[in-house]
>>> print(open('input-v6.csv').read())   # CSV, C-alpha atoms
chain,number,residue,atom,x,y,z
A,1249,MET,CA,-152.5,-17.9,-68.1
A,1250,MET,CA,-149.1,-18.9,-66.7
A,1251,ASP,CA,-150.0,-16.9,-63.5
A,1252,GLN,CA,-153.3,-18.8,-63.2
A,1253,ILE,CA,-151.4,-22.2,-63.5
A,1254,ALA,CA,-149.0,-21.1,-60.8
A,1255,GLN,CA,-151.7,-19.9,-58.4
A,1256,LEU,CA,-153.7,-23.1,-58.9
A,1257,ARG,CA,-150.6,-25.2,-58.2
A,1258,GLU,CA,-149.9,-23.3,-55.0
A,1259,LYS,CA,-153.6,-23.6,-53.9
A,1260,MET,CA,-153.6,-27.3,-54.6
A,1261,ASN,CA,-150.4,-27.9,-52.7
A,1262,THR,CA,-151.7,-26.2,-49.6
A,1263,ILE,CA,-154.8,-28.5,-49.3
A,1264,LEU,CA,-154.4,-31.2,-46.6
A,1265,ILE,CA,-156.5,-34.2,-47.4
A,1266,GLU,CA,-157.4,-36.0,-44.1
A,1267,ASP,CA,-160.7,-37.7,-44.8
A,1268,LYS,CA,-162.9,-38.9,-47.7
A,1269,ALA,CA,-165.0,-35.7,-47.7
A,1270,THR,CA,-162.0,-33.6,-48.3
A,1271,LEU,CA,-160.8,-36.0,-50.9
A,1272,GLU,CA,-164.0,-35.7,-52.8
A,1273,ARG,CA,-164.0,-31.9,-52.7
A,1274,PHE,CA,-160.4,-32.0,-54.0
A,1275,ARG,CA,-161.5,-34.2,-56.9
A,1276,GLN,CA,-164.4,-31.9,-57.8
A,1277,ASP,CA,-162.3,-28.7,-57.5
A,1278,PHE,CA,-159.3,-29.8,-59.4
A,1279,ILE,CA,-159.7,-32.9,-61.6
A,1280,GLY,CA,-163.5,-33.1,-62.1
A,1281,LYS,CA,-165.1,-32.2,-65.4
A,1282,LYS,CA,-166.2,-28.9,-64.0
A,1283,GLY,CA,-163.1,-28.3,-61.9
A,1284,SER,CA,-160.5,-25.5,-62.2
A,1285,ILE,CA,-158.0,-27.4,-64.4
A,1286,ALA,CA,-160.8,-28.4,-66.8
A,1287,ALA,CA,-161.7,-24.7,-67.1
A,1288,LEU,CA,-158.1,-23.8,-67.9
A,1289,PHE,CA,-158.1,-26.4,-70.7
A,1290,GLU,CA,-161.1,-24.7,-72.2
A,1291,THR,CA,-159.3,-21.3,-72.2
A,1292,PHE,CA,-156.2,-23.1,-73.6
A,1293,LYS,CA,-158.2,-24.0,-76.7
A,1294,GLN,CA,-158.5,-20.3,-77.6
A,1295,LEU,CA,-154.8,-19.5,-77.4
A,1296,PRO,CA,-152.6,-18.9,-80.5
A,1297,ILE,CA,-150.4,-21.9,-81.6
A,1298,ALA,CA,-147.2,-20.2,-80.4
A,1299,ALA,CA,-148.6,-19.8,-76.9
A,1300,LYS,CA,-150.0,-23.3,-76.8
A,1301,LYS,CA,-146.5,-24.7,-77.3
A,1302,THR,CA,-145.3,-22.9,-74.1
A,1303,ILE,CA,-148.4,-23.3,-71.9
A,1304,GLY,CA,-149.4,-26.9,-73.0
A,1305,PRO,CA,-146.6,-28.7,-71.0
A,1306,LEU,CA,-147.2,-26.6,-67.9
A,1307,LEU,CA,-151.0,-27.3,-68.0
A,1308,ASN,CA,-150.4,-31.0,-68.5
A,1309,GLY,CA,-147.9,-31.1,-65.7
A,1310,LEU,CA,-150.5,-29.4,-63.4
A,1311,LYS,CA,-153.1,-32.0,-64.3
A,1312,ASN,CA,-150.7,-34.9,-63.7
A,1313,GLU,CA,-149.8,-33.4,-60.3
A,1314,ALA,CA,-153.4,-33.2,-59.3
A,1315,GLU,CA,-154.2,-36.7,-60.3
A,1316,LYS,CA,-151.1,-38.1,-58.6
A,1317,LYS,CA,-152.0,-36.3,-55.3
A,1318,PHE,CA,-155.6,-37.6,-55.5
A,1319,LYS,CA,-154.5,-41.2,-56.1
A,1320,SER,CA,-151.9,-41.0,-53.3
A,1321,ALA,CA,-154.4,-39.6,-50.8
A,1322,ALA,CA,-157.0,-42.2,-51.8
A,1323,SER,CA,-154.6,-45.0,-51.2
A,1324,ILE,CA,-153.6,-43.7,-47.8
A,1325,LEU,CA,-157.2,-43.3,-46.7
A,1326,GLU,CA,-158.0,-46.8,-47.9
A,1327,ALA,CA,-155.1,-48.3,-46.0
A,1328,VAL,CA,-155.9,-46.6,-42.7
A,1329,ALA,CA,-159.7,-47.0,-42.9
A,1330,PRO,CA,-160.9,-48.8,-39.8
A,1331,ALA,CA,-162.1,-52.3,-40.5
A,1332,ILE,CA,-165.7,-53.0,-39.7
A,1333,GLN,CA,-165.8,-55.2,-36.6
A,1334,GLN,CA,-168.2,-58.0,-36.8
A,1335,PRO,CA,-169.4,-59.6,-33.6
A,1336,VAL,CA,-167.7,-62.9,-32.9
A,1337,ASP,CA,-169.8,-65.8,-31.6
A,1338,VAL,CA,-167.1,-67.9,-29.7
A,1339,THR,CA,-169.6,-70.8,-29.3
A,1340,LEU,CA,-169.7,-71.5,-33.0
A,1341,PRO,CA,-167.6,-74.5,-34.2
A,1342,ALA,CA,-164.4,-73.8,-36.2
A,1343,PHE,CA,-164.4,-73.9,-40.0
A,1344,GLY,CA,-162.9,-77.2,-41.2
A,1345,ALA,CA,-160.4,-77.4,-44.0
A,1346,ALA,CA,-161.8,-78.2,-47.4
A,1347,ILE,CA,-161.1,-81.8,-48.2
A,1348,GLY,CA,-160.3,-82.7,-51.8
A,1349,SER,CA,-160.5,-86.1,-53.5
A,1350,LEU,CA,-158.4,-88.3,-55.8
A,1351,HIS,CA,-159.2,-88.0,-59.5
A,1352,PRO,CA,-161.3,-91.0,-60.6
A,1353,LEU,CA,-158.6,-92.2,-63.0
A,1354,THR,CA,-156.1,-92.2,-60.1
A,1355,ILE,CA,-158.5,-94.2,-58.0
A,1356,VAL,CA,-159.0,-96.8,-60.7
A,1357,GLN,CA,-155.2,-96.9,-61.5
A,1358,ASN,CA,-154.4,-97.5,-57.9
A,1359,LYS,CA,-157.1,-100.3,-57.7
A,1360,ILE,CA,-155.7,-102.0,-60.9
A,1361,SER,CA,-152.1,-101.8,-59.6
A,1362,SER,CA,-153.1,-103.2,-56.2
A,1363,ILE,CA,-154.9,-106.2,-57.8
A,1364,PHE,CA,-151.8,-107.2,-59.8
A,1365,GLN,CA,-149.3,-106.4,-57.2
A,1366,ARG,CA,-151.0,-108.7,-54.8
A,1367,ILE,CA,-150.4,-111.6,-57.2
A,1368,GLY,CA,-146.7,-110.8,-57.7
A,1369,PHE,CA,-146.5,-108.2,-60.4
A,1370,ASN,CA,-144.0,-105.3,-60.0
A,1371,LEU,CA,-144.8,-101.8,-61.0
A,1372,ALA,CA,-142.7,-100.2,-63.8
A,1373,GLU,CA,-142.6,-96.7,-65.2
A,1374,GLY,CA,-140.9,-95.2,-68.2
A,1375,PRO,CA,-140.6,-92.0,-70.3
A,1376,GLU,CA,-143.5,-90.7,-72.4
A,1377,ILE,CA,-141.0,-89.7,-75.2
A,1378,VAL,CA,-139.4,-92.8,-76.8
A,1379,GLY,CA,-137.6,-94.0,-79.9
A,1380,ASN,CA,-138.9,-96.0,-82.8
A,1381,TRP,CA,-137.4,-99.3,-81.6
A,1382,HIS,CA,-139.1,-99.2,-78.1
A,1383,ASN,CA,-142.5,-98.2,-79.5
A,1384,PHE,CA,-142.6,-100.2,-82.8
A,1385,GLY,CA,-139.4,-102.1,-83.8
A,1386,ALA,CA,-138.9,-104.4,-80.8
A,1387,LEU,CA,-142.7,-105.1,-80.7
A,1388,ASN,CA,-142.7,-106.8,-84.1
A,1389,PHE,CA,-144.5,-103.9,-86.0
A,1390,PRO,CA,-143.7,-104.2,-89.7
A,1391,GLU,CA,-142.3,-101.1,-91.4
A,1392,ASN,CA,-145.6,-100.6,-93.3
A,1393,HIS,CA,-147.8,-100.9,-90.3
A,1394,PRO,CA,-150.5,-98.2,-90.2
A,1395,ALA,CA,-149.7,-97.2,-86.6
A,1396,ARG,CA,-146.3,-95.9,-87.9
A,1397,ASP,CA,-148.0,-93.4,-90.1
A,1398,LEU,CA,-148.0,-89.7,-89.2
A,1399,GLN,CA,-151.8,-89.8,-89.1
A,1400,ASP,CA,-151.8,-92.1,-86.0
A,1401,THR,CA,-148.7,-91.2,-84.1
A,1402,PHE,CA,-147.4,-87.9,-82.7
A,1403,PHE,CA,-143.8,-87.8,-84.1
A,1404,LEU,CA,-141.6,-85.2,-82.5
A,1405,GLN,CA,-138.7,-85.7,-84.9
A,1406,LEU,CA,-137.8,-88.1,-87.7
A,1407,ASN,CA,-134.0,-88.3,-87.7
A,1408,PRO,CA,-133.6,-90.0,-85.3
A,1409,VAL,CA,-137.2,-90.9,-84.6
A,1410,GLN,CA,-138.6,-89.5,-81.4
A,1411,LEU,CA,-142.3,-89.8,-80.7
A,1412,LEU,CA,-145.0,-89.7,-77.9
A,1413,ARG,CA,-145.5,-93.3,-76.9
A,1414,THR,CA,-148.7,-94.9,-78.3
A,1415,HIS,CA,-148.8,-97.6,-75.6
A,1416,THR,CA,-147.0,-98.4,-72.3
A,1417,THR,CA,-145.8,-101.6,-73.9
A,1418,SER,CA,-142.7,-99.6,-74.7
A,1419,VAL,CA,-141.9,-99.6,-71.0
A,1420,GLN,CA,-142.0,-103.4,-71.0
A,1421,ILE,CA,-139.4,-103.5,-73.7
A,1422,SER,CA,-137.0,-101.6,-71.4
A,1423,THR,CA,-138.0,-104.0,-68.5
A,1424,CYS,CA,-137.2,-107.0,-70.6
A,1425,THR,CA,-133.8,-105.7,-71.8
A,1426,ASP,CA,-132.8,-104.7,-68.2
A,1427,GLN,CA,-134.0,-107.8,-66.4
A,1428,SER,CA,-133.8,-111.6,-66.8
A,1429,PRO,CA,-136.8,-113.9,-66.5
A,1430,PRO,CA,-138.8,-114.6,-64.6
A,1431,ILE,CA,-140.4,-111.2,-65.1
A,1432,ARG,CA,-143.8,-110.1,-63.7
A,1433,SER,CA,-144.4,-106.5,-64.5
A,1434,ILE,CA,-147.2,-103.9,-65.1
A,1435,ALA,CA,-146.5,-100.5,-66.6
A,1436,VAL,CA,-148.8,-97.6,-65.9
A,1437,GLY,CA,-148.9,-94.2,-67.6
A,1438,ARG,CA,-150.2,-91.8,-70.2
A,1439,VAL,CA,-150.1,-92.6,-73.9
A,1440,PHE,CA,-150.9,-90.5,-77.0
A,1441,ARG,CA,-152.6,-91.2,-80.3
A,1442,ASN,CA,-153.8,-88.9,-83.1
A,1443,GLU,CA,-157.5,-89.6,-82.8
A,1444,ALA,CA,-160.6,-87.4,-83.0
A,1445,ILE,CA,-161.8,-86.3,-79.6
A,1446,SER,CA,-165.3,-87.6,-78.8
A,1447,ALA,CA,-167.3,-89.3,-76.1
A,1448,ARG,CA,-165.4,-92.6,-76.8
A,1449,SER,CA,-161.9,-91.5,-77.8
A,1450,HIS,CA,-159.3,-88.8,-77.0
A,1451,CYS,CA,-155.8,-87.8,-78.2
A,1452,PHE,CA,-154.4,-89.1,-74.9
A,1453,PHE,CA,-155.4,-91.6,-72.3
A,1454,HIS,CA,-154.0,-93.8,-69.6
A,1455,GLN,CA,-153.0,-97.4,-70.0
A,1456,VAL,CA,-151.9,-100.4,-67.9
A,1457,ASP,CA,-149.8,-102.9,-69.7
A,1458,GLY,CA,-148.8,-106.2,-68.0
A,1459,MET,CA,-146.6,-109.2,-68.9
A,1460,TYR,CA,-145.4,-112.4,-67.3
A,1461,ILE,CA,-142.3,-114.3,-68.7
A,1462,ASP,CA,-141.0,-117.6,-67.3
A,1463,THR,CA,-140.5,-121.1,-68.3
A,1464,ALA,CA,-143.7,-123.1,-69.4
A,1465,VAL,CA,-146.0,-120.1,-69.3
A,1466,THR,CA,-149.2,-121.0,-71.2
A,1467,PHE,CA,-152.5,-119.4,-72.4
A,1468,SER,CA,-154.2,-121.0,-69.4
A,1469,ASP,CA,-152.0,-118.8,-67.1
A,1470,LEU,CA,-153.1,-115.8,-69.1
A,1471,LYS,CA,-156.8,-116.7,-68.8
A,1472,GLY,CA,-156.5,-117.4,-65.0
A,1473,THR,CA,-154.9,-114.0,-64.5
A,1474,ILE,CA,-157.5,-112.1,-66.5
A,1475,TYR,CA,-160.4,-114.0,-64.7
A,1476,HIS,CA,-158.8,-113.0,-61.4
A,1477,PHE,CA,-158.6,-109.3,-62.4
A,1478,VAL,CA,-162.1,-109.1,-63.7
A,1479,GLU,CA,-163.5,-110.7,-60.6
A,1480,ALA,CA,-161.5,-108.4,-58.3
A,1481,MET,CA,-162.4,-105.3,-60.2
A,1482,PHE,CA,-166.0,-105.8,-61.3
A,1483,GLY,CA,-167.3,-108.6,-59.0
A,1484,ARG,CA,-167.7,-112.4,-59.2
A,1485,ALA,CA,-171.0,-112.2,-61.1
A,1486,THR,CA,-169.4,-110.4,-64.1
A,1487,LYS,CA,-169.7,-112.3,-67.4
A,1488,LEU,CA,-166.5,-112.5,-69.4
A,1489,ARG,CA,-165.5,-113.7,-72.9
A,1490,PHE,CA,-162.4,-114.1,-75.0
A,1491,ARG,CA,-162.4,-113.3,-78.7
A,1492,ALA,CA,-159.7,-114.2,-81.2
A,1493,SER,CA,-157.9,-111.1,-82.4
A,1494,TYR,CA,-154.5,-109.9,-83.8
A,1495,PHE,CA,-151.7,-107.9,-82.3
A,1496,PRO,CA,-148.2,-107.7,-83.8
A,1497,PHE,CA,-146.5,-108.5,-80.5
A,1498,THR,CA,-148.6,-111.5,-79.4
A,1499,GLU,CA,-149.5,-114.8,-81.0
A,1500,PRO,CA,-152.2,-116.1,-80.4
A,1501,SER,CA,-154.0,-112.9,-79.5
A,1502,ALA,CA,-157.4,-112.2,-77.9
A,1503,GLU,CA,-159.6,-109.4,-76.9
A,1504,VAL,CA,-161.5,-109.7,-73.6
A,1505,ASP,CA,-165.1,-108.4,-73.2
A,1506,ILE,CA,-167.4,-108.1,-70.2
A,1507,HIS,CA,-171.1,-107.6,-70.1
A,1508,CYS,CA,-171.9,-103.9,-70.4
A,1509,ARG,CA,-172.5,-102.5,-67.0
A,1510,LEU,CA,-174.4,-99.5,-68.3
A,1511,CYS,CA,-177.2,-101.5,-69.8
A,1512,GLN,CA,-176.6,-104.9,-68.0
A,1513,GLY,CA,-176.0,-106.6,-71.3
A,1514,LYS,CA,-179.3,-105.5,-72.9
A,1515,GLY,CA,-177.7,-103.2,-75.5
A,1516,CYS,CA,-177.0,-99.4,-75.5
A,1517,THR,CA,-175.0,-96.8,-77.4
A,1518,VAL,CA,-171.8,-97.5,-75.4
A,1519,CYS,CA,-171.7,-101.2,-76.2
A,1520,LYS,CA,-173.1,-100.5,-79.7
A,1521,GLN,CA,-176.2,-102.5,-78.9
A,1522,SER,CA,-174.1,-105.7,-78.5
A,1523,GLY,CA,-174.4,-106.0,-74.7
A,1524,TRP,CA,-170.6,-106.5,-74.5
A,1525,VAL,CA,-167.8,-104.0,-74.0
A,1526,GLU,CA,-164.1,-104.7,-74.7
A,1527,ILE,CA,-161.9,-104.0,-71.7
A,1528,LEU,CA,-158.4,-105.2,-72.8
A,1529,GLY,CA,-156.3,-107.0,-75.4
A,1530,ALA,CA,-154.0,-109.9,-74.5
A,1531,GLY,CA,-152.1,-112.8,-75.9
A,1532,MET,CA,-148.9,-114.9,-75.7
A,1533,ILE,CA,-145.8,-112.9,-76.4
A,1534,ASP,CA,-144.6,-113.4,-80.0
A,1535,PRO,CA,-141.2,-115.2,-80.0
A,1536,ASN,CA,-139.8,-112.4,-82.2
A,1537,VAL,CA,-140.4,-110.0,-79.4
A,1538,LEU,CA,-138.6,-112.2,-76.9
A,1539,THR,CA,-135.6,-112.5,-79.3
A,1540,ASN,CA,-135.5,-108.7,-79.8
A,1541,CYS,CA,-135.2,-108.4,-76.0
A,1542,GLN,CA,-132.4,-111.0,-75.9
A,1543,ILE,CA,-134.6,-113.6,-74.3
A,1544,ASP,CA,-134.4,-117.2,-75.6
A,1545,PRO,CA,-137.9,-118.1,-76.9
A,1546,GLU,CA,-136.9,-121.8,-76.8
A,1547,GLN,CA,-136.5,-121.6,-73.1
A,1548,TYR,CA,-139.0,-118.9,-72.1
A,1549,SER,CA,-142.6,-118.0,-73.0
A,1550,GLY,CA,-144.9,-115.4,-71.7
A,1551,PHE,CA,-148.2,-113.5,-71.9
A,1552,ALA,CA,-149.0,-109.8,-72.2
A,1553,PHE,CA,-152.1,-107.7,-71.8
A,1554,GLY,CA,-153.0,-104.1,-72.0
A,1555,MET,CA,-156.1,-102.0,-71.0
A,1556,GLY,CA,-157.2,-98.4,-71.0
A,1557,ILE,CA,-157.8,-97.0,-67.5
A,1558,GLU,CA,-160.5,-94.6,-68.8
A,1559,ARG,CA,-162.5,-97.6,-70.2
A,1560,ILE,CA,-162.3,-99.4,-66.9
A,1561,ALA,CA,-163.4,-96.3,-65.0
A,1562,MET,CA,-166.3,-95.6,-67.4
A,1563,LEU,CA,-167.6,-99.1,-66.8
A,1564,LEU,CA,-167.0,-99.1,-63.0
A,1565,TYR,CA,-168.7,-95.8,-62.4
A,1566,GLN,CA,-171.2,-95.9,-65.3
A,1567,ILE,CA,-169.8,-92.8,-67.1
A,1568,ASP,CA,-170.8,-92.4,-70.7
A,1569,ASP,CA,-168.4,-89.6,-71.9
A,1570,LEU,CA,-164.6,-90.0,-71.9
A,1571,ARG,CA,-164.1,-86.2,-72.1
A,1572,LEU,CA,-165.3,-85.7,-68.5
A,1573,PHE,CA,-162.0,-87.1,-67.2
A,1574,SER,CA,-159.9,-84.3,-68.6
A,1575,GLU,CA,-162.3,-81.2,-68.5
A,1576,ASN,CA,-161.8,-80.6,-64.8
A,1577,HIS,CA,-165.4,-79.9,-63.9
A,1578,LEU,CA,-165.6,-79.7,-60.1
A,1579,ASP,CA,-169.2,-80.9,-60.0
A,1580,PHE,CA,-168.1,-84.1,-61.7
A,1581,LEU,CA,-164.9,-84.6,-59.7
A,1582,ARG,CA,-166.5,-84.0,-56.3
A,1583,GLN,CA,-168.7,-87.1,-56.8
A,1584,PHE,CA,-165.6,-89.3,-56.1
A,1585,LYS,CA,-164.9,-88.1,-52.6
A,1586,GLY,CA,-166.3,-91.3,-51.1
A,1587,CYS,CA,-165.3,-93.8,-53.8
A,1588,LEU,CA,-162.2,-95.3,-52.2
A,1589,GLY,CA,-164.2,-98.3,-51.2
A,1590,PHE,CA,-165.1,-99.1,-54.9
A,1591,SER,CA,-168.7,-100.1,-54.1
A,1592,ASP,CA,-170.7,-101.0,-57.2
A,1593,GLY,CA,-172.9,-98.3,-58.5
A,1594,ALA,CA,-171.4,-95.7,-56.1
A,1595,VAL,CA,-171.3,-93.0,-58.8
A,1596,PHE,CA,-173.4,-92.2,-61.7
A,1597,ALA,CA,-172.2,-89.4,-64.0
A,1598,LYS,CA,-174.1,-88.9,-67.3
>>> encode(input="input-v6.csv", output="structure tokens")
Amino acid sequence: MMDQIAQLREKMNTILIEDKATLERFRQDFIGKKGSIAALFETFKQLPIAAKKTIGPLLNGLKNEAEKKFKSAASILEAVAPAIQQPVDVTLPAFGAAIGSLHPLTIVQNKISSIFQRIGFNLAEGPEIVGNWHNFGALNFPENHPARDLQDTFFLQLNPVQLLRTHTTSVQISTCTDQSPPIRSIAVGRVFRNEAISARSHCFFHQVDGMYIDTAVTFSDLKGTIYHFVEAMFGRATKLRFRASYFPFTEPSAEVDIHCRLCQGKGCTVCKQSGWVEILGAGMIDPNVLTNCQIDPEQYSGFAFGMGIERIAMLLYQIDDLRLFSENHLDFLRQFKGCLGFSDGAVFAK
């Protein structure tokens, strides 16, 4: 049998594969199920164990050589195969480059930033990983506040405390400690909270936080600023209301609602049949917060507000599922190619 292996190897090495027909014959003759090597393996099964130990490696080597030669020849023939020439119509217009679009949250973020920058607010940014003081302590959160619990906040380490910020107000603390009044600032960025993912909530979202600190700042200044924002973002006909509320870092505090744009104030699942949708929280900055930032509350006062960009985008574009913003469905995102003009009712995604 050793002579048969040698003869088959010599025959295999003399074959010159120049085309696909020769390649196919080589496959059938040597490595096919009915080829010469397969026949040798059938004979090999009948040999005594002692002979198998000697002939087995030789037979396997022959098989490997045949497969290697077949694959090498196939690769060469594939590389040199002439390409099929398609007729070219030189009168056809050229193919244009595919044009993408901004993400809807980016569009709305830029719009919000532009509105406030036009009335004198500066744009501030900060890290997404912060310490306990910036996220809670300086903002007048008591030690037993529920937001400090592990169930609500993503803590990265506890000694010292490092966490994923739960609001961009932490950026404003850095702004207040680095600057002296008057301060007009908006902070934009991503925030994180340990919430169940649904059509109305997610474990991360984007937020705009604003503040104005100067001498003799009043609640009337806050209301005027919010009215200006709502008019610029949603139109002059938008109905608006303030509701008394509570936040640890503002006093007095209020939540701001507008008429639900999905149902035009008639009541739907998004507005919980009330006809109103909350868009932001606001209030006068608590004197304790000013003191924590080394600002004299006897000399200065200020207001602050914060809003979720997703909530604004859902109302602006009549989107009823928060998860669409982060699931990267191209059919959804392509709708926003022509939305830089912010025309009312431009996009409907349900």
>>> closest_residue(input="input-v6.csv", among="A:Ala1447, A:Leu1528, A:Val1356, A:Ala1502", to="A:Asp1569", atoms="all atoms listed in the file")
A:Ala1447
>>> atom_distance(input="input-v6.csv", atom1="atom CA of A:Glu1443", atom2="atom CA of A:Gly1556")
14.7 Å
>>> residues_around(input="input-v6.csv", residues="stretch 1282-1289 of chain A", least_positions_apart="2", cutoff="10 Å", atoms="all atoms listed in the file", output="ChimeraX atom specification")
/A:1249,1252-1253,1256-1257,1273-1280,1291-1294,1304,1307-1308,1310-1311,1314
>>> residues_around(input="input-v6.csv", residues="A:Ser1418", least_positions_apart="4", cutoff="12 Å", atoms="all atoms listed in the file", output="PyMOL selection string")
chain A and resi 1372-1388+1411-1414+1422-1425+1434-1439+1455-1459+1497+1537+1541+1554
>>> atom_distance(input="input-v6.csv", atom1="atom CA of A:Glu1479", atom2="atom CA of A:Glu1558")
18.3 Å
>>> closest_residue(input="input-v6.csv", among="A:His1454, A:Lys1316, A:Lys1471, A:Arg1509", to="A:His1415", atoms="only C-alpha atoms")
A:His1454
>>> residues_around(input="input-v6.csv", residues="A:Glu1546", least_positions_apart="6", cutoff="12 Å", atoms="all atoms listed in the file", output="list in words")
Asp1462, Thr1463, Ala1464, Val1465, Asp1534, Pro1535, Asn1536, Leu1538 and Thr1539 of chain A
>>> atom_distance(input="input-v6.csv", atom1="atom CA of A:Glu1290", atom2="atom CA of A:Lys1268")
28.4 Å
>>> closest_residue(input="input-v6.csv", among="A:Asp1267, A:Gly1309, A:Ser1433, A:Gly1513", to="A:Val1419", atoms="only C-alpha atoms")
A:Ser1433
>>> closest_residue(input="input-v6.csv", among="A:Gln1427, A:Ser1501, A:Thr1354, A:Gln1420", to="A:Ala1561", atoms="all atoms listed in the file")
A:Thr1354
>>> closest_residue(input="input-v6.csv", among="A:Leu1563, A:Ala1254, A:Leu1340, A:Ala1480", to="A:Lys1359", atoms="all atoms listed in the file")
A:Ala1480
>>> closest_residue(input="input-v6.csv", among="A:Glu1266, A:Ile1363, A:His1351, A:Ser1493", to="A:Glu1575", atoms="only C-alpha atoms")
A:His1351
>>> build_atoms(input="input-v6.csv", residues="stretch 1271-1287 of chain A", atoms="N, CA and C atoms", output="mmCIF file, keeping the file's coordinate frame")
data_model
loop_
_atom_site.group_PDB
_atom_site.id
_atom_site.type_symbol
_atom_site.label_atom_id
_atom_site.label_comp_id
_atom_site.auth_asym_id
_atom_site.auth_seq_id
_atom_site.Cartn_x
_atom_site.Cartn_y
_atom_site.Cartn_z
ATOM 1 N N LEU A 1271 -161.245 -35.426 -49.700
ATOM 2 C CA LEU A 1271 -160.800 -36.000 -50.900
ATOM 3 C C LEU A 1271 -161.752 -35.801 -52.074
ATOM 4 N N GLU A 1272 -163.035 -35.939 -51.801
ATOM 5 C CA GLU A 1272 -164.000 -35.700 -52.800
ATOM 6 C C GLU A 1272 -164.106 -34.275 -53.260
ATOM 7 N N ARG A 1273 -163.971 -33.328 -52.317
ATOM 8 C CA ARG A 1273 -164.000 -31.900 -52.700
ATOM 9 C C ARG A 1273 -162.757 -31.588 -53.554
ATOM 10 N N PHE A 1274 -161.596 -32.223 -53.224
ATOM 11 C CA PHE A 1274 -160.400 -32.000 -54.000
ATOM 12 C C PHE A 1274 -160.621 -32.482 -55.457
ATOM 13 N N ARG A 1275 -161.273 -33.629 -55.590
ATOM 14 C CA ARG A 1275 -161.500 -34.200 -56.900
ATOM 15 C C ARG A 1275 -162.431 -33.218 -57.717
ATOM 16 N N GLN A 1276 -163.488 -32.753 -57.086
ATOM 17 C CA GLN A 1276 -164.400 -31.900 -57.800
ATOM 18 C C GLN A 1276 -163.768 -30.525 -58.158
ATOM 19 N N ASP A 1277 -162.941 -29.972 -57.232
ATOM 20 C CA ASP A 1277 -162.300 -28.700 -57.500
ATOM 21 C C ASP A 1277 -161.247 -28.674 -58.511
ATOM 22 N N PHE A 1278 -160.509 -29.776 -58.608
ATOM 23 C CA PHE A 1278 -159.300 -29.800 -59.400
ATOM 24 C C PHE A 1278 -159.392 -30.693 -60.665
ATOM 25 N N ILE A 1279 -159.771 -31.942 -60.489
ATOM 26 C CA ILE A 1279 -159.700 -32.900 -61.600
ATOM 27 C C ILE A 1279 -161.041 -33.308 -62.142
ATOM 28 N N GLY A 1280 -162.131 -32.790 -61.581
ATOM 29 C CA GLY A 1280 -163.500 -33.100 -62.100
ATOM 30 C C GLY A 1280 -163.706 -32.393 -63.425
ATOM 31 N N LYS A 1281 -164.768 -32.795 -64.106
ATOM 32 C CA LYS A 1281 -165.100 -32.200 -65.400
ATOM 33 C C LYS A 1281 -165.439 -30.726 -65.332
ATOM 34 N N LYS A 1282 -165.893 -30.300 -64.159
ATOM 35 C CA LYS A 1282 -166.200 -28.900 -64.000
ATOM 36 C C LYS A 1282 -165.233 -28.196 -63.030
ATOM 37 N N GLY A 1283 -164.057 -28.795 -62.835
ATOM 38 C CA GLY A 1283 -163.100 -28.300 -61.900
ATOM 39 C C GLY A 1283 -162.222 -27.155 -62.576
ATOM 40 N N SER A 1284 -161.292 -26.617 -61.770
ATOM 41 C CA SER A 1284 -160.500 -25.500 -62.200
ATOM 42 C C SER A 1284 -159.550 -25.861 -63.360
ATOM 43 N N ILE A 1285 -158.973 -27.031 -63.318
ATOM 44 C CA ILE A 1285 -158.000 -27.400 -64.400
ATOM 45 C C ILE A 1285 -158.793 -27.618 -65.691
ATOM 46 N N ALA A 1286 -159.997 -28.197 -65.628
ATOM 47 C CA ALA A 1286 -160.800 -28.400 -66.800
ATOM 48 C C ALA A 1286 -161.141 -26.999 -67.452
ATOM 49 N N ALA A 1287 -161.379 -26.002 -66.589
ATOM 50 C CA ALA A 1287 -161.700 -24.700 -67.100
ATOM 51 C C ALA A 1287 -160.471 -24.059 -67.796
#
